[in-house]
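Chemist: This is the content of data.cif (mmCIF, C-alpha atoms and all ligand atoms):
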data_data
loop_
_atom_site.group_PDB
_atom_site.id
_atom_site.type_symbol
_atom_site.label_atom_id
_atom_site.label_comp_id
_atom_site.auth_asym_id
_atom_site.auth_seq_id
_atom_site.Cartn_x
_atom_site.Cartn_y
_atom_site.Cartn_z
ATOM 1 C CA MET A 1 -3.291 7.805 1.175
ATOM 2 C CA ASN A 2 -2.466 7.577 -2.480
ATOM 3 C CA PRO A 3 -1.052 4.398 -4.058
ATOM 4 C CA ALA A 4 2.447 5.889 -4.533
ATOM 5 C CA SER A 5 2.772 6.551 -0.780
ATOM 6 C CA HIS A 6 1.499 3.053 0.030
ATOM 7 C CA LEU A 7 4.029 1.593 -2.422
ATOM 8 C CA LEU A 8 7.026 3.423 -0.939
ATOM 9 C CA ILE A 9 6.063 2.613 2.671
ATOM 10 C CA SER A 10 5.534 -1.076 1.856
ATOM 11 C CA TRP A 11 8.800 -1.215 -0.030
ATOM 12 C CA VAL A 12 10.683 0.095 2.988
ATOM 13 C CA VAL A 13 8.895 -2.473 5.182
ATOM 14 C CA ALA A 14 9.985 -5.202 2.741
ATOM 15 C CA ASN A 15 13.577 -4.058 3.188
ATOM 16 C CA THR A 16 13.618 -4.417 6.964
ATOM 17 C CA ALA A 17 14.529 -8.100 6.624
ATOM 18 C CA ASP A 18 17.052 -9.967 4.544
ATOM 19 C CA ILE A 19 14.694 -11.386 1.913
ATOM 20 C CA GLY A 20 15.072 -11.865 -1.840
ATOM 21 C CA ARG A 21 13.414 -10.138 -4.776
ATOM 22 C CA ARG A 22 10.341 -12.366 -4.949
ATOM 23 C CA ASP A 23 9.600 -11.877 -1.236
ATOM 24 C CA ARG A 24 10.183 -8.118 -1.402
ATOM 25 C CA VAL A 25 7.747 -7.864 -4.310
ATOM 26 C CA LEU A 26 5.117 -9.893 -2.430
ATOM 27 C CA VAL A 27 5.386 -7.702 0.675
ATOM 28 C CA THR A 28 5.208 -4.508 -1.380
ATOM 29 C CA LEU A 29 2.159 -5.696 -3.328
ATOM 30 C CA CYS A 30 0.342 -6.520 -0.075
ATOM 31 C CA GLY A 31 0.691 -2.894 0.957
ATOM 32 C CA VAL A 32 -0.800 -1.622 -2.299
ATOM 33 C CA VAL A 33 -3.372 -4.206 -3.335
ATOM 34 C CA PRO A 34 -6.143 -3.227 -0.849
ATOM 35 C CA ASP A 35 -6.983 -0.314 -3.132
ATOM 36 C CA VAL A 36 -8.210 -2.672 -5.872
ATOM 37 C CA ASP A 37 -11.571 -2.370 -4.129
ATOM 38 C CA GLY A 38 -11.606 1.133 -5.638
ATOM 39 C CA ALA A 39 -11.920 -0.389 -9.130
ATOM 40 C CA GLY A 40 -15.697 -0.046 -8.829
ATOM 41 C CA LEU A 41 -15.152 3.629 -9.604
ATOM 42 C CA ILE A 42 -15.065 2.753 -13.307
ATOM 43 C CA ALA A 43 -18.471 1.029 -13.145
ATOM 44 C CA GLU A 44 -19.836 3.857 -11.043
ATOM 45 C CA LEU A 45 -18.723 6.588 -13.457
ATOM 46 C CA LEU A 46 -19.903 4.663 -16.520
ATOM 47 C CA SER A 47 -23.361 4.052 -15.061
ATOM 48 C CA GLU A 48 -23.729 7.543 -13.567
ATOM 49 C CA ASN A 49 -26.643 8.494 -15.800
ATOM 50 C CA ALA A 50 -28.236 5.059 -16.020
ATOM 51 C CA ALA A 51 -31.699 4.321 -14.649
ATOM 52 C CA SER A 52 -30.220 2.288 -11.817
ATOM 53 C CA PRO A 53 -26.604 3.446 -11.435
ATOM 54 C CA LEU A 54 -24.050 1.058 -9.903
ATOM 55 C CA ILE A 55 -22.630 2.482 -6.704
ATOM 56 C CA TRP A 56 -19.822 -0.042 -6.330
ATOM 57 C CA TYR A 57 -17.170 2.562 -5.508
ATOM 58 C CA SER A 58 -19.205 4.329 -2.840
ATOM 59 C CA LYS A 59 -20.309 1.022 -1.443
ATOM 60 C CA TYR A 60 -17.181 -1.106 -1.574
ATOM 61 C CA HIS A 61 -14.101 1.175 -1.614
ATOM 62 C CA HIS A 62 -12.340 0.905 1.764
ATOM 63 C CA VAL A 63 -14.607 -2.028 2.602
ATOM 64 C CA LEU A 64 -13.942 -5.223 0.614
ATOM 65 C CA CYS A 65 -10.140 -5.209 0.850
ATOM 66 C CA HIS A 66 -9.611 -2.987 3.896
ATOM 67 C CA ASN A 67 -10.311 -5.508 6.636
ATOM 68 C CA LEU A 68 -8.580 -8.133 8.739
ATOM 69 C CA GLY A 69 -10.038 -11.047 6.755
ATOM 70 C CA PHE A 70 -8.506 -9.773 3.515
ATOM 71 C CA GLY A 71 -5.201 -9.150 5.312
ATOM 72 C CA LEU A 72 -5.101 -12.750 6.519
ATOM 73 C CA LEU A 73 -5.973 -13.987 3.038
ATOM 74 C CA LEU A 74 -3.016 -12.025 1.634
ATOM 75 C CA ALA A 75 -0.725 -13.420 4.348
ATOM 76 C CA ALA A 76 -1.842 -16.962 3.457
ATOM 77 C CA ILE A 77 -1.104 -16.346 -0.252
ATOM 78 C CA VAL A 78 2.328 -14.965 0.658
ATOM 79 C CA LEU A 79 2.995 -17.994 2.818
ATOM 80 C CA VAL A 80 2.441 -20.206 -0.228
ATOM 81 C CA PHE A 81 4.448 -18.212 -2.765
ATOM 82 C CA SER A 82 7.334 -16.736 -0.760
ATOM 83 C CA VAL A 83 10.785 -18.179 -0.164
ATOM 84 C CA ARG A 84 11.325 -17.123 3.467
ATOM 85 C CA LYS A 85 7.741 -17.985 4.327
ATOM 86 C CA TRP A 86 6.996 -16.743 7.855
ATOM 87 C CA VAL A 87 9.221 -13.682 7.805
ATOM 88 C CA THR A 88 7.695 -12.595 4.490
ATOM 89 C CA ALA A 89 4.111 -13.320 5.590
ATOM 90 C CA MET A 90 4.609 -11.271 8.779
ATOM 91 C CA LEU A 91 6.100 -8.373 6.810
ATOM 92 C CA ALA A 92 3.195 -8.610 4.345
ATOM 93 C CA LEU A 93 0.745 -8.379 7.228
ATOM 94 C CA ALA A 94 2.655 -5.376 8.585
ATOM 95 C CA ALA A 95 2.607 -3.639 5.175
ATOM 96 C CA PHE A 96 -1.118 -4.348 4.872
ATOM 97 C CA HIS A 97 -1.823 -2.848 8.299
ATOM 98 C CA LEU A 98 0.317 0.207 7.585
ATOM 99 C CA HIS A 99 -1.879 0.702 4.510
ATOM 100 C CA LEU A 100 -4.983 0.702 6.730
ATOM 101 C CA LEU A 101 -3.285 3.016 9.216
ATOM 102 C CA GLY A 102 -2.255 5.404 6.439
ATOM 103 C CA ASP A 103 -5.830 5.502 5.170
ATOM 104 C CA LEU A 104 -7.168 5.991 8.690
ATOM 105 C CA VAL A 105 -4.978 9.010 9.440
ATOM 106 C CA GLY A 106 -4.684 10.646 6.039
ATOM 107 C CA SER A 107 -7.441 9.937 3.527
ATOM 108 C CA ARG A 108 -10.126 12.522 4.156
ATOM 109 C CA GLY A 109 -11.887 13.275 0.873
ATOM 110 C CA PRO A 110 -12.523 16.767 -0.547
ATOM 111 C CA ASP A 111 -16.130 16.397 0.631
ATOM 112 C CA SER A 112 -14.812 15.650 4.169
ATOM 113 C CA TYR A 113 -15.910 12.026 3.908
ATOM 114 C CA GLN A 114 -13.700 9.936 6.210
ATOM 115 C CA TRP A 115 -13.871 6.579 4.417
ATOM 116 C CA PRO A 116 -14.352 4.576 7.642
ATOM 117 C CA ILE A 117 -12.543 1.236 7.762
ATOM 118 C CA PRO A 118 -14.707 -1.767 8.700
ATOM 119 C CA TYR A 119 -11.774 -3.697 10.162
ATOM 120 C CA LEU A 120 -13.858 -6.738 11.155
ATOM 121 C CA PHE A 121 -15.926 -6.904 7.931
ATOM 122 C CA PRO A 122 -17.823 -9.121 7.127
ATOM 123 C CA PHE A 123 -18.089 -10.543 10.672
ATOM 124 C CA ALA A 124 -18.922 -7.280 12.376
ATOM 125 C CA ALA A 125 -19.556 -4.877 9.503
ATOM 126 C CA ASP A 126 -20.989 -2.190 11.768
ATOM 127 C CA TRP A 127 -17.779 -1.772 13.718
ATOM 128 C CA GLN A 128 -15.896 0.894 11.792
ATOM 129 C CA LEU A 129 -12.652 2.697 12.441
ATOM 130 C CA THR A 130 -12.351 6.461 12.025
ATOM 131 C CA TRP A 131 -10.095 9.047 13.614
ATOM 132 C CA ASP A 132 -11.133 12.595 14.514
ATOM 133 C CA GLY A 133 -7.764 14.058 13.630
ATOM 134 C CA GLN A 134 -7.750 12.605 10.090
ATOM 135 C CA TRP A 135 -6.135 14.903 7.541
ATOM 136 C CA ALA A 136 -6.960 15.280 3.850
ATOM 137 C CA LEU A 137 -5.565 13.019 1.152
ATOM 138 C CA ASN A 138 -3.496 15.897 -0.285
ATOM 139 C CA ALA A 139 -2.495 17.482 3.063
ATOM 140 C CA TRP A 140 1.133 18.309 3.934
ATOM 141 C CA PRO A 141 1.736 15.373 6.329
ATOM 142 C CA ASN A 142 1.068 12.976 3.430
ATOM 143 C CA ILE A 143 3.381 14.912 1.133
ATOM 144 C CA LEU A 144 6.110 15.067 3.803
ATOM 145 C CA MET A 145 5.781 11.369 4.590
ATOM 146 C CA THR A 146 5.911 10.437 0.900
ATOM 147 C CA LEU A 147 9.076 12.515 0.417
ATOM 148 C CA CYS A 148 10.693 10.872 3.473
ATOM 149 C CA PHE A 149 9.938 7.385 2.218
ATOM 150 C CA LEU A 150 11.113 8.335 -1.270
ATOM 151 C CA GLY A 151 14.398 9.461 0.301
ATOM 152 C CA ILE A 152 14.771 6.172 2.213
ATOM 153 C CA THR A 153 13.909 4.225 -0.961
ATOM 154 C CA LEU A 154 16.582 6.030 -2.986
ATOM 155 C CA TYR A 155 19.135 5.555 -0.201
ATOM 156 C CA LEU A 156 18.353 1.819 -0.033
ATOM 157 C CA ALA A 157 18.606 1.545 -3.813
ATOM 158 C CA TRP A 158 22.022 3.214 -3.746
ATOM 159 C CA LYS A 159 23.267 1.220 -0.769
ATOM 160 C CA ARG A 160 21.786 -2.246 -1.396
ATOM 161 C CA GLY A 161 21.447 -2.261 -5.159
ATOM 162 C CA HIS A 162 17.699 -2.715 -5.598
ATOM 163 C CA SER A 163 14.690 -0.408 -5.833
ATOM 164 C CA PRO A 164 10.942 -0.790 -6.457
ATOM 165 C CA VAL A 165 11.770 -0.733 -10.186
ATOM 166 C CA GLU A 166 12.628 -4.445 -9.753
ATOM 167 C CA ILE A 167 8.910 -5.159 -9.332
ATOM 168 C CA ILE A 168 8.516 -4.446 -13.046
ATOM 169 C CA SER A 169 11.957 -5.311 -14.406
ATOM 170 C CA PRO A 170 15.172 -6.442 -12.672
ATOM 171 C CA LYS A 171 17.102 -5.281 -15.742
ATOM 172 C CA ALA A 172 15.688 -1.754 -15.581
ATOM 173 C CA ASP A 173 16.417 -1.794 -11.859
ATOM 174 C CA THR A 174 20.097 -2.568 -12.446
ATOM 175 C CA ILE A 175 20.299 0.377 -14.850
ATOM 176 C CA PHE A 176 18.524 2.633 -12.342
ATOM 177 C CA VAL A 177 20.887 1.658 -9.508
ATOM 178 C CA SER A 178 23.985 2.114 -11.668
ATOM 179 C CA LYS A 179 22.775 5.623 -12.622
ATOM 180 C CA LEU A 180 22.321 6.428 -8.928
ATOM 181 C CA ARG A 181 25.823 5.171 -8.137
ATOM 182 C CA GLN A 182 27.304 7.113 -11.041
ATOM 183 C CA ARG A 183 25.712 10.231 -9.632
ATOM 184 C CA PHE A 184 26.427 9.717 -5.925
ATOM 185 C CA GLY A 185 29.505 7.496 -5.995
ATOM 186 C CA ALA A 186 29.976 3.885 -4.954
ATOM 187 C CA PRO A 187 28.390 2.913 -1.624
HETATM 188 ZN ZN ZN B 201 -6.604 2.091 0.869
#
Written as structure tokens, that's how I'd like the structure from this file.
Ligand SMILES: [Zn+2]

Modeler:
Amino acid sequence: MNPASHLLISWVVANTADIGRRDRVLVTLCGVVPDVDGAGLIAELLSENAASPLIWYSKYHHVLCHNLGFGLLLAAIVLVFSVRKWVTAMLALAAFHLHLLGDLVGSRGPDSYQWPIPYLFPFAADWQLTWDGQWALNAWPNILMTLCFLGITLYLAWKRGHSPVEIISPKADTIFVSKLRQRFGAP
């Protein structure tokens, strides 16, 4: 799945409990951050024509940060930095696993590559998760799901007074929510 879908899903997960801004941001980030292992793409593209090209993207994307060990590491970090510690850490773990699930069901590449998920990496790197029914990254179920979660996100913003904009700026978020309420009336 693409990062925008992961962000919206994680945001909705963060809103299933009564937690504050800092905790919501932590949960949401845990649902998005696994894709940092795709950063090797830059090195791979830059070294494409080199004598010994770096294949960091092909080798590490969906590997380094898409496994249980990384999920537990994130949960431990959340436990340290959150306010409502255990609730937030559990939600972070849920958001992380929904990221893996989203990738498992809907991330088939244009070349039909399935991007298997080595859930037990590095302990049992050979054990990889794939699903026969996996659809493409840009297939309609992904688009439909993204629109649904966008709808829920906008509803929550209108109703509760905060949206994912608060991750970047609480001030901008207040403006965004007041625009929504101007348009759709007071909740
Ligand atoms: Zn991913």

Chemist: Give me, please, the distance in Å between atom CA of Lys59 of chain A and atom CA of Met1 of chain A, quoted to one decimal.

Modeler: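 Straight-line distance from atom CA of Lys59 of chain A to atom CA of Met1 of chain A works out to 18.5 Å.
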
Chemist: Tell me, in Å to one decimal, how far atom CA of Leu7 of chain A is from atom CA of Ala125 of chain A.

Modeler: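 Distance reported for this atom pair: 27.2 Å.
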
Chemist: List all protein, DNA and RNA residues that have at least one atom no more than 7 Å from any atom of ligand ZN 201 (chain B), counting only C-alpha atoms and all ligand atoms, and write them as a list in words.

Modeler: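 The distance check yields Met1, Pro34, Asp35, His62, His66, His99, Leu100 and Asp103 of chain A.
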
Chemist: Counting all atoms listed in the file, I want the residues whose atoms come within 9 Å of (0.1, -6.8, 0.4) in the file frame, returned as an NGL selection string.

Modeler: :A and (10 or 26-34 or 71 or 74-75 or 78 or 91-96 or 99)

Chemist: Taking (-15.4, -1.7, 11.4) in the file's coordinates, which residues come within 12 Å, counting only C-alpha atoms, written as a PyMOL selection string?

Modeler: chain A and resi 62-64+66-69+100+104+115-130

Chemist: Pull out every residue that the PyMOL selection byres (((chain A and resi 105) around 10) and not hetatm) matches in the shown coordinates and put them as a PyMOL selection string.

Modeler: chain A and resi 1+100-104+106-108+114+130-137+141-142

Chemist: Excluding same-chain residues fewer than 3 positions from Leu79 of chain A, what lies within 10 Å of it counting only C-alpha atoms, as a PDB file with C-alpha atoms, in the frame of the given file?

Modeler:
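Saved to around-v9.pdb:
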ATOM      1  CA  ASP A  23       9.600 -11.877  -1.236  1.00  0.00           C
ATOM      2  CA  LEU A  26       5.117  -9.893  -2.430  1.00  0.00           C
ATOM      3  CA  LEU A  73      -5.973 -13.987   3.038  1.00  0.00           C
ATOM      4  CA  LEU A  74      -3.016 -12.025   1.634  1.00  0.00           C
ATOM      5  CA  ALA A  75      -0.725 -13.420   4.348  1.00  0.00           C
ATOM      6  CA  ALA A  76      -1.842 -16.962   3.457  1.00  0.00           C
ATOM      7  CA  SER A  82       7.334 -16.736  -0.760  1.00  0.00           C
ATOM      8  CA  VAL A  83      10.785 -18.179  -0.164  1.00  0.00           C
ATOM      9  CA  ARG A  84      11.325 -17.123   3.467  1.00  0.00           C
ATOM     10  CA  LYS A  85       7.741 -17.985   4.327  1.00  0.00           C
ATOM     11  CA  TRP A  86       6.996 -16.743   7.855  1.00  0.00           C
ATOM     12  CA  VAL A  87       9.221 -13.682   7.805  1.00  0.00           C
ATOM     13  CA  THR A  88       7.695 -12.595   4.490  1.00  0.00           C
ATOM     14  CA  ALA A  89       4.111 -13.320   5.590  1.00  0.00           C
ATOM     15  CA  MET A  90       4.609 -11.271   8.779  1.00  0.00           C
ATOM     16  CA  ALA A  92       3.195  -8.610   4.345  1.00  0.00           C
TER      17      ALA A  92
END

Chemist: Evaluating the PyMOL selection byres (((chain A and resi 40) around 9) and not hetatm) on the displayed file yields which residues, as a ChimeraX atom specification?

Modeler: /A:36-39,41-45,54-61

Chemist: Between A:Val80, A:Leu46, A:Ala14, A:Ile143, which has the minimum distance to Asn2 of chain A (counting all atoms listed in the file)?

Modeler: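 Distance minimum relative to Asn2 of chain A lands on A:Ile143.
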
Chemist: Which polymer residues have any atom within 7 Å of an atom of segment 161-168 of chain A, counting only C-alpha atoms, with same-chain residues fewer than 6 positions away left out, as an mmCIF file with C-alpha atoms, in the frame of the given file?

Modeler:
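Once everything was written out, this is selection26.cif:
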data_model
loop_
_atom_site.group_PDB
_atom_site.id
_atom_site.type_symbol
_atom_site.label_atom_id
_atom_site.label_comp_id
_atom_site.auth_asym_id
_atom_site.auth_seq_id
_atom_site.Cartn_x
_atom_site.Cartn_y
_atom_site.Cartn_z
ATOM 1 C CA TRP A 11 8.800 -1.215 -0.030
ATOM 2 C CA VAL A 25 7.747 -7.864 -4.310
ATOM 3 C CA THR A 153 13.909 4.225 -0.961
ATOM 4 C CA VAL A 177 20.887 1.658 -9.508
#
